[in-house]
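S.K.: Structure file entry00.txt (compact mmCIF, C-alpha atoms and all ligand atoms) right here:
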# COMPACT_ATOMS: atom_id res chain seq x y z
CA MET A 758 -44.39 -18.24 3.90
CA ASN A 759 -46.02 -18.02 7.30
CA PRO A 760 -49.82 -18.10 6.89
CA LEU A 761 -50.22 -15.64 9.80
CA ILE A 762 -48.75 -12.85 7.70
CA LEU A 763 -51.44 -10.95 5.87
CA PRO A 764 -50.66 -9.42 2.47
CA GLU A 765 -51.05 -5.80 3.65
CA TYR A 766 -48.25 -6.28 6.14
CA GLN A 767 -45.94 -7.71 3.55
CA ALA A 768 -46.08 -4.27 1.98
CA VAL A 769 -44.38 -2.79 5.06
CA THR A 770 -40.80 -2.52 3.91
CA PRO A 771 -38.83 -1.59 5.73
CA THR A 772 -40.50 -2.44 9.01
CA PRO A 773 -39.10 -0.47 11.95
CA VAL A 774 -39.16 -3.46 14.33
CA ILE A 775 -36.00 -5.28 15.40
CA VAL A 776 -36.96 -8.24 17.56
CA ALA A 777 -34.35 -8.94 20.26
CA LEU A 778 -33.98 -12.72 20.32
CA ASP A 779 -32.88 -12.89 23.92
CA PHE A 780 -33.02 -16.66 24.34
CA ASP A 781 -30.42 -19.01 25.80
CA ASN A 782 -30.56 -21.83 23.26
CA ALA A 783 -31.00 -22.51 19.55
CA GLU A 784 -34.13 -24.68 19.85
CA SER A 785 -36.29 -22.05 21.61
CA THR A 786 -35.00 -19.37 19.26
CA LEU A 787 -35.71 -21.28 16.08
CA SER A 788 -39.12 -22.34 17.36
CA PHE A 789 -39.95 -18.67 18.12
CA VAL A 790 -38.57 -17.46 14.80
CA ARG A 791 -40.75 -19.92 12.89
CA GLN A 792 -43.71 -17.54 13.34
CA LEU A 793 -41.73 -14.56 11.98
CA ASP A 794 -40.87 -13.58 8.44
CA PRO A 795 -38.15 -11.29 7.05
CA SER A 796 -40.84 -8.94 5.69
CA LEU A 797 -42.37 -8.59 9.16
CA CYS A 798 -39.30 -7.56 11.18
CA GLN A 799 -35.55 -7.56 11.57
CA VAL A 800 -33.96 -9.74 14.28
CA LYS A 801 -31.22 -9.11 16.80
CA VAL A 802 -28.76 -11.61 18.24
CA GLY A 803 -27.17 -10.32 21.41
CA LYS A 804 -24.75 -11.46 24.06
CA GLU A 805 -26.94 -14.16 25.63
CA LEU A 806 -27.85 -15.99 22.43
CA PHE A 807 -24.44 -15.52 20.81
CA THR A 808 -22.70 -16.86 23.92
CA ALA A 809 -25.01 -19.88 23.83
CA THR A 810 -24.93 -20.65 20.13
CA GLY A 811 -22.01 -18.84 18.49
CA ARG A 812 -22.23 -18.12 14.81
CA PHE A 813 -24.26 -21.24 13.99
CA LEU A 814 -27.51 -19.47 14.74
CA VAL A 815 -26.44 -16.22 13.07
CA ASP A 816 -25.69 -18.18 9.90
CA SER A 817 -29.03 -19.93 10.11
CA LEU A 818 -31.01 -16.68 10.51
CA VAL A 819 -29.06 -14.89 7.77
CA ASN A 820 -29.67 -17.88 5.48
CA GLN A 821 -33.39 -17.62 6.24
CA GLY A 822 -33.25 -14.10 4.80
CA PHE A 823 -33.50 -12.10 8.01
CA LYS A 824 -31.73 -8.77 8.30
CA LEU A 825 -29.68 -9.49 11.41
CA PHE A 826 -28.39 -7.00 13.97
CA LEU A 827 -25.36 -8.54 15.69
CA ASP A 828 -25.49 -6.74 19.03
CA LEU A 829 -22.23 -7.58 20.76
CA LYS A 830 -21.51 -3.95 21.71
CA TYR A 831 -17.82 -4.07 20.93
CA HIS A 832 -15.69 -1.87 23.18
CA ASP A 833 -11.98 -2.47 22.70
CA ILE A 834 -8.83 -1.15 21.08
CA PRO A 835 -9.27 -0.01 17.44
CA ASN A 836 -7.53 -3.03 15.88
CA THR A 837 -9.67 -5.53 17.80
CA VAL A 838 -12.97 -3.81 17.05
CA ALA A 839 -12.06 -3.31 13.38
CA SER A 840 -11.16 -6.99 13.04
CA ALA A 841 -14.38 -8.09 14.77
CA CYS A 842 -16.43 -5.86 12.44
CA ARG A 843 -14.69 -7.43 9.45
CA VAL A 844 -15.66 -10.91 10.67
CA ALA A 845 -19.23 -9.71 11.24
CA ALA A 846 -19.30 -8.37 7.67
CA ASP A 847 -18.06 -11.74 6.39
CA MET A 848 -20.97 -13.36 8.24
CA GLY A 849 -23.43 -11.24 6.24
CA VAL A 850 -24.95 -9.36 9.17
CA TRP A 851 -27.01 -6.26 8.42
CA MET A 852 -26.05 -4.20 11.47
CA VAL A 853 -23.33 -4.35 14.12
CA ASP A 854 -22.69 -2.13 17.13
CA MET A 855 -19.87 -0.82 19.30
CA HIS A 856 -19.73 1.51 22.28
CA ALA A 857 -19.24 5.08 21.08
CA CYS A 858 -17.23 5.78 24.23
CA GLY A 859 -14.55 3.51 22.74
CA GLY A 860 -13.59 6.72 20.98
CA ARG A 861 -13.02 8.19 17.54
CA ARG A 862 -10.07 5.97 16.58
CA GLN A 863 -12.03 2.81 17.49
CA MET A 864 -14.99 3.90 15.36
CA GLU A 865 -12.91 5.14 12.43
CA ALA A 866 -10.99 1.86 12.36
CA ALA A 867 -14.29 -0.04 12.20
CA VAL A 868 -15.53 2.16 9.34
CA GLU A 869 -12.34 1.58 7.39
CA ALA A 870 -12.42 -2.18 8.04
CA VAL A 871 -15.79 -2.68 6.31
CA ALA A 872 -15.56 0.12 3.73
CA ASN A 873 -14.89 -2.15 0.75
CA TYR A 874 -17.64 -4.70 1.37
CA THR A 875 -20.40 -4.73 -1.24
CA HIS A 876 -22.89 -5.54 1.52
CA LYS A 877 -21.35 -3.34 4.17
CA PRO A 878 -23.01 -3.81 7.58
CA LEU A 879 -24.50 -0.71 9.17
CA LEU A 880 -22.18 0.44 11.95
CA ILE A 881 -23.97 1.73 15.02
CA GLY A 882 -22.55 3.38 18.15
CA VAL A 883 -24.11 2.72 21.54
CA THR A 884 -24.46 5.99 23.46
CA VAL A 885 -25.87 5.59 27.00
CA LEU A 886 -27.66 2.32 27.79
CA THR A 887 -31.44 2.69 28.11
CA SER A 888 -31.25 0.88 31.45
CA MET A 889 -29.39 3.83 32.98
CA ASP A 890 -30.94 6.82 34.74
CA GLU A 891 -29.24 10.02 35.88
CA ALA A 892 -28.02 8.49 39.16
CA ASP A 893 -26.50 5.47 37.36
CA ALA A 894 -24.79 7.81 34.92
CA ARG A 895 -23.32 9.98 37.67
CA GLU A 896 -21.85 6.89 39.36
CA VAL A 897 -19.83 6.04 36.26
CA GLY A 898 -18.49 9.57 35.93
CA ILE A 899 -20.96 11.11 33.48
CA THR A 900 -21.23 14.62 34.89
CA LYS A 901 -23.61 16.10 32.29
CA PRO A 902 -27.32 15.30 32.02
CA ILE A 903 -27.71 12.02 30.08
CA ALA A 904 -29.38 13.75 27.12
CA GLU A 905 -26.39 16.07 26.64
CA HIS A 906 -23.94 13.19 26.92
CA VAL A 907 -25.94 11.23 24.33
CA VAL A 908 -25.81 14.16 21.89
CA ASP A 909 -22.04 14.47 22.38
CA LEU A 910 -21.45 10.73 21.81
CA ALA A 911 -23.82 10.62 18.84
CA SER A 912 -22.07 13.63 17.25
CA LEU A 913 -18.74 11.90 17.75
CA ALA A 914 -20.13 8.69 16.20
CA LYS A 915 -21.44 10.62 13.19
CA SER A 916 -18.20 12.52 12.62
CA SER A 917 -16.30 9.21 12.92
CA GLY A 918 -18.33 7.85 10.00
CA LEU A 919 -20.83 5.59 11.74
CA ASP A 920 -24.30 5.10 10.25
CA GLY A 921 -26.22 5.75 13.44
CA VAL A 922 -26.51 5.25 17.17
CA VAL A 923 -28.37 3.28 19.79
CA CYS A 924 -30.11 5.68 22.17
CA SER A 925 -33.37 5.98 24.05
CA ALA A 926 -36.34 7.20 22.02
CA GLN A 927 -36.50 9.95 24.65
CA GLU A 928 -33.42 11.44 22.99
CA ALA A 929 -34.57 10.81 19.40
CA GLY A 930 -36.21 14.20 18.80
CA MET A 931 -33.15 16.08 19.96
CA LEU A 932 -30.79 13.89 17.92
CA ARG A 933 -32.91 14.27 14.78
CA GLN A 934 -32.60 18.04 15.09
CA ALA A 935 -28.88 17.93 15.81
CA LEU A 936 -27.81 15.24 13.33
CA GLY A 937 -30.30 15.32 10.49
CA LYS A 938 -32.74 12.98 8.75
CA GLU A 939 -30.36 10.31 7.48
CA PHE A 940 -28.57 9.34 10.70
CA LEU A 941 -30.04 6.09 12.07
CA LEU A 942 -31.56 6.16 15.54
CA VAL A 943 -31.95 2.64 16.92
CA THR A 944 -34.04 2.74 20.07
CA PRO A 945 -34.44 -0.04 22.64
CA GLY A 946 -36.34 0.52 25.90
CA ILE A 947 -39.67 0.26 24.06
CA ARG A 948 -42.66 -0.62 26.20
CA LEU A 949 -46.29 -1.12 25.17
CA PRO A 950 -48.91 1.31 26.51
CA ASN A 951 -50.42 -1.40 28.73
CA ALA A 952 -47.08 -2.55 30.25
CA GLN A 953 -47.22 -3.22 33.99
CA ASN A 954 -43.61 -2.16 34.54
CA SER A 955 -40.45 -1.27 32.67
CA ASP A 956 -38.34 -4.21 33.97
CA ASP A 957 -34.67 -3.15 34.08
CA GLN A 958 -35.20 -0.37 31.52
CA ARG A 959 -35.22 3.26 32.74
CA ARG A 960 -35.50 5.52 29.69
CA ILE A 961 -38.54 4.04 27.94
CA MET A 962 -41.13 5.06 25.37
CA ILE A 963 -44.19 3.56 23.68
CA PRO A 964 -43.89 2.67 19.95
CA GLN A 965 -46.12 5.47 18.62
CA ASP A 966 -44.20 8.17 20.53
CA ALA A 967 -40.83 6.67 19.59
CA LEU A 968 -41.69 6.75 15.89
CA THR A 969 -43.11 10.26 16.18
CA ALA A 970 -39.91 11.40 17.90
CA GLY A 971 -37.86 10.16 14.95
CA SER A 972 -36.69 6.64 15.82
CA SER A 973 -35.55 4.72 12.74
CA TYR A 974 -35.79 1.30 14.36
CA LEU A 975 -37.46 0.06 17.55
CA VAL A 976 -35.61 -2.75 19.34
CA MET A 977 -38.23 -4.87 21.09
CA GLY A 978 -37.39 -7.87 23.24
CA ARG A 979 -39.73 -8.90 26.05
CA PRO A 980 -42.73 -6.86 24.80
CA VAL A 981 -42.66 -9.17 21.76
CA THR A 982 -41.10 -12.42 22.95
CA GLN A 983 -43.26 -12.62 26.09
CA ALA A 984 -46.46 -11.49 24.39
CA GLN A 985 -49.33 -13.93 23.97
CA ASN A 986 -49.31 -13.13 20.26
CA PRO A 987 -45.87 -11.79 19.26
CA VAL A 988 -46.81 -11.43 15.59
CA ALA A 989 -49.80 -9.25 16.49
CA VAL A 990 -47.56 -6.92 18.53
CA ILE A 991 -45.16 -6.53 15.60
CA ARG A 992 -48.01 -5.99 13.15
CA ASP A 993 -49.48 -3.28 15.35
CA VAL A 994 -46.17 -1.38 15.33
CA ASN A 995 -45.82 -1.88 11.57
CA ALA A 996 -49.34 -0.51 11.12
CA ILE A 997 -48.46 2.62 13.14
CA ALA A 998 -45.35 3.12 11.00
CA MET A 999 -47.28 2.56 7.81
CA ALA A 1000 -49.95 5.08 8.85
CA MET A 1001 -47.26 7.64 9.69
CA ASN A 1002 -45.48 7.08 6.36
CA ALA A 1003 -48.76 7.59 4.50
CA GLN A 1004 -49.27 11.04 6.06
O1 LIG B 1101 -27.81 -2.37 21.95
C1 LIG B 1101 -28.93 -2.74 22.32
O2 LIG B 1101 -29.65 -3.39 21.58
C2 LIG B 1101 -29.43 -2.21 23.60
C3 LIG B 1101 -28.91 -1.00 24.03
C4 LIG B 1101 -29.51 -0.32 25.10
O3 LIG B 1101 -29.12 0.81 25.45
N1 LIG B 1101 -30.55 -0.91 25.73
C5 LIG B 1101 -31.03 -2.14 25.38
O4 LIG B 1101 -32.00 -2.60 26.00
N2 LIG B 1101 -30.45 -2.83 24.34
C6 LIG B 1101 -30.90 -4.19 23.99
O5 LIG B 1101 -32.27 -4.12 23.57
C7 LIG B 1101 -33.01 -5.23 24.06
C8 LIG B 1101 -34.14 -4.71 24.91
O6 LIG B 1101 -34.91 -5.77 25.40
P1 LIG B 1101 -36.29 -5.53 26.13
O7 LIG B 1101 -36.06 -4.62 27.29
O8 LIG B 1101 -36.69 -6.92 26.56
O9 LIG B 1101 -37.22 -4.95 25.09
C9 LIG B 1101 -32.03 -6.12 24.82
O10 LIG B 1101 -31.60 -7.14 23.93
C10 LIG B 1101 -30.86 -5.21 25.15
O11 LIG B 1101 -29.63 -5.89 25.14
Mind converting the file's structure to structure tokens?

M.R.:
Amino acid sequence: MNPLILPEYQAVTPTPVIVALDFDNAESTLSFVRQLDPSLCQVKVGKELFTATGRFLVDSLVNQGFKLFLDLKYHDIPNTVASACRVAADMGVWMVDMHACGGRRQMEAAVEAVANYTHKPLLIGVTVLTSMDEADAREVGITKPIAEHVVDLASLAKSSGLDGVVCSAQEAGMLRQALGKEFLLVTPGIRLPNAQNSDDQRRIMIPQDALTAGSSYLVMGRPVTQAQNPVAVIRDVNAIAMAMNAQ
């Protein structure tokens, strides 16, 4: 058990934080993860780390007891995505995602592929990337305001049987109203109140506002991994969530 983790934070289950392990090698990742604990946060392995390390690191993190979000954003024909989700389920991941714009048949095939697993991974549809603003969206043919497009894709994901979506916390309030309390809202693009800039992110929110708006999970990469004290940043978010849950 990591001595940095105080008993009161161990009581935070589930924590809303998913730490994006956006590293390019196993050594840096494992050295960073040594200060974390499965009761403190979930972890996410995305394209950079998975390309660098393959399933070796996923296995290692799952074996350490972390709930792992495999963020490979599948977007392919139904058979390919369904088969990939089945392999992800075999790996014991907690959450896996696919682009909702891959369509109903892609999502339904994924749902069917993992339906009989005892530990079925949560299936999450990516709506509109948090790095995109209205001008970016228009350039790729999205003619509606982003918020409306997100609601449409999230409704499609829900009616296809997915457990939730990735969206910006800016859309969380609207999606909560439209899709109810149970549907998971996984929100990247989180920035701390004192952040100097938003990097490549465009639709951002601070943790407190994201949780108030109805986010289920906050995906946090650089605000945690580049912090002087990553554990303190996670604990602060957990404390906000705990205070809100106590109300
Ligand atoms: O699916 C994701 O996790 C994701 C979707 C999205 O719309 N925006 C987004 O930033 N992400 C991921 O969330 C993480 C955000 O990292 P930071 O901007 O460093 O906090 C990265 O790993 C992204 O790949």

S.K.: Can you pull out every residue within 12 Å of Thr875 (chain A), counting only C-alpha atoms, but drop anything in the same chain fewer than 6 positions away, and send it as an MDAnalysis selection string?

M.R.: chainID A and resid 846:847 849 851

S.K.: What would the file look like if the residues just selected were written as a PDB file, keeping the file's coordinate frame with C-alpha atoms?

M.R.:
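This is the output file again27.pdb:
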ATOM      1  CA  ALA A 846     -19.300  -8.370   7.670  1.00  0.00           C
ATOM      2  CA  ASP A 847     -18.060 -11.740   6.390  1.00  0.00           C
ATOM      3  CA  GLY A 849     -23.430 -11.240   6.240  1.00  0.00           C
ATOM      4  CA  TRP A 851     -27.010  -6.260   8.420  1.00  0.00           C
TER       5      TRP A 851
END

S.K.: Give me, please, the distance in Å between CA of Gly803 (chain A) and atom C7 of ligand LIG 1101 (chain B), quoted to one decimal.

M.R.: 8.2 Å

S.K.: Please, which residues have at least one atom within 10 Å of an atom of ligand LIG 1101 (chain B), using all atoms listed in the file, listed as a ChimeraX atom specification?

M.R.: /A:775-780,801-806,826-830,853-856,881-889,922-925,943-949,955-961,975-983

S.K.: As a short mmCIF file (atom, residue, chain, number, x, y, z; two decimals) with C-alpha atoms, keeping the file's coordinate frame, please: the residues near Ala866 (chain A) (cut-off 10 Å, all atoms listed in the file, same-chain neighbours under 2 positions excluded).

M.R.:
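The resulting file, selection-v2.cif, is reproduced below:
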data_model
loop_
_atom_site.label_atom_id
_atom_site.label_comp_id
_atom_site.auth_asym_id
_atom_site.auth_seq_id
_atom_site.Cartn_x
_atom_site.Cartn_y
_atom_site.Cartn_z
CA ILE A 834 -8.83 -1.15 21.08
CA PRO A 835 -9.27 -0.01 17.44
CA ASN A 836 -7.53 -3.03 15.88
CA THR A 837 -9.67 -5.53 17.80
CA VAL A 838 -12.97 -3.81 17.05
CA ALA A 839 -12.06 -3.31 13.38
CA SER A 840 -11.16 -6.99 13.04
CA CYS A 842 -16.43 -5.86 12.44
CA ARG A 861 -13.02 8.19 17.54
CA ARG A 862 -10.07 5.97 16.58
CA GLN A 863 -12.03 2.81 17.49
CA MET A 864 -14.99 3.90 15.36
CA VAL A 868 -15.53 2.16 9.34
CA GLU A 869 -12.34 1.58 7.39
CA ALA A 870 -12.42 -2.18 8.04
CA VAL A 871 -15.79 -2.68 6.31
CA ALA A 872 -15.56 0.12 3.73
CA SER A 917 -16.30 9.21 12.92
CA GLY A 918 -18.33 7.85 10.00
#

S.K.: Quote the spacing between CA of Thr969 (chain A) and CA of Met1001 (chain A) in Å to one decimal place.

M.R.: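 CA of Thr969 (chain A) sits 8.1 Å away from CA of Met1001 (chain A).
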
S.K.: Rank A:Asp794, A:Asp816, A:Glu928, A:Glu865 by their smallest atom-to-atom distance to Asp909 (chain A), using all atoms listed in the file, and report the top residue only.

M.R.: A:Glu928

S.K.: Could you name the residues that touch Ala892 (chain A) at 12 Å or less, counting only C-alpha atoms, but leaving out those on the same chain fewer than 6 positions away, as a tab-separated table (two decimals) with C-alpha atoms, in the coordinates of the input?

M.R.:
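Output below, filename part-v1.tsv:
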chain	number	residue	atom	x	y	z
A	898	GLY	CA	-18.49	9.57	35.93
A	899	ILE	CA	-20.96	11.11	33.48
A	900	THR	CA	-21.23	14.62	34.89
A	901	LYS	CA	-23.61	16.10	32.29
A	902	PRO	CA	-27.32	15.30	32.02
A	903	ILE	CA	-27.71	12.02	30.08
A	959	ARG	CA	-35.22	3.26	32.74

S.K.: If I take CA of Val994 (chain A) and CA of Pro964 (chain A), how far is one from the other in Å, to one decimal?

M.R.: 6.6 Å

S.K.: Rank nothing, just name the residue among A:Leu910, A:Ala857, A:Ala984, A:Ala845 nearest to Tyr874 (chain A), using all atoms listed in the file.

M.R.: A:Ala845

S.K.: Could region 968-979 of chain A be completed with N, CA and C atoms and written as a PDB file, keeping the file's coordinate frame, please?

M.R.:
ATOM      1  N   LEU A 968     -41.710   6.493  17.337  1.00  0.00           N
ATOM      2  CA  LEU A 968     -41.690   6.750  15.890  1.00  0.00           C
ATOM      3  C   LEU A 968     -41.937   8.230  15.602  1.00  0.00           C
ATOM      4  N   THR A 969     -42.843   8.833  16.363  1.00  0.00           N
ATOM      5  CA  THR A 969     -43.110  10.260  16.180  1.00  0.00           C
ATOM      6  C   THR A 969     -41.868  11.091  16.493  1.00  0.00           C
ATOM      7  N   ALA A 970     -41.115  10.659  17.498  1.00  0.00           N
ATOM      8  CA  ALA A 970     -39.910  11.400  17.900  1.00  0.00           C
ATOM      9  C   ALA A 970     -38.788  11.279  16.878  1.00  0.00           C
ATOM     10  N   GLY A 971     -38.891  10.274  15.990  1.00  0.00           N
ATOM     11  CA  GLY A 971     -37.860  10.160  14.950  1.00  0.00           C
ATOM     12  C   GLY A 971     -37.019   8.907  15.004  1.00  0.00           C
ATOM     13  N   SER A 972     -37.431   7.912  15.808  1.00  0.00           N
ATOM     14  CA  SER A 972     -36.690   6.640  15.820  1.00  0.00           C
ATOM     15  C   SER A 972     -36.726   6.002  14.438  1.00  0.00           C
ATOM     16  N   SER A 973     -35.583   5.454  14.015  1.00  0.00           N
ATOM     17  CA  SER A 973     -35.550   4.720  12.740  1.00  0.00           C
ATOM     18  C   SER A 973     -35.976   3.273  12.961  1.00  0.00           C
ATOM     19  N   TYR A 974     -35.502   2.701  14.054  1.00  0.00           N
ATOM     20  CA  TYR A 974     -35.790   1.300  14.360  1.00  0.00           C
ATOM     21  C   TYR A 974     -36.120   1.167  15.847  1.00  0.00           C
ATOM     22  N   LEU A 975     -37.097   0.331  16.161  1.00  0.00           N
ATOM     23  CA  LEU A 975     -37.460   0.060  17.550  1.00  0.00           C
ATOM     24  C   LEU A 975     -36.963  -1.350  17.895  1.00  0.00           C
ATOM     25  N   VAL A 976     -36.074  -1.441  18.884  1.00  0.00           N
ATOM     26  CA  VAL A 976     -35.610  -2.750  19.340  1.00  0.00           C
ATOM     27  C   VAL A 976     -36.583  -3.240  20.411  1.00  0.00           C
ATOM     28  N   MET A 977     -37.227  -4.363  20.145  1.00  0.00           N
ATOM     29  CA  MET A 977     -38.230  -4.870  21.090  1.00  0.00           C
ATOM     30  C   MET A 977     -37.918  -6.314  21.452  1.00  0.00           C
ATOM     31  N   GLY A 978     -37.640  -6.528  22.741  1.00  0.00           N
ATOM     32  CA  GLY A 978     -37.390  -7.870  23.240  1.00  0.00           C
ATOM     33  C   GLY A 978     -38.620  -8.413  23.938  1.00  0.00           C
ATOM     34  N   ARG A 979     -38.634  -8.305  25.263  1.00  0.00           N
ATOM     35  CA  ARG A 979     -39.730  -8.900  26.050  1.00  0.00           C
ATOM     36  C   ARG A 979     -41.129  -8.473  25.624  1.00  0.00           C
TER      37      ARG A 979
END
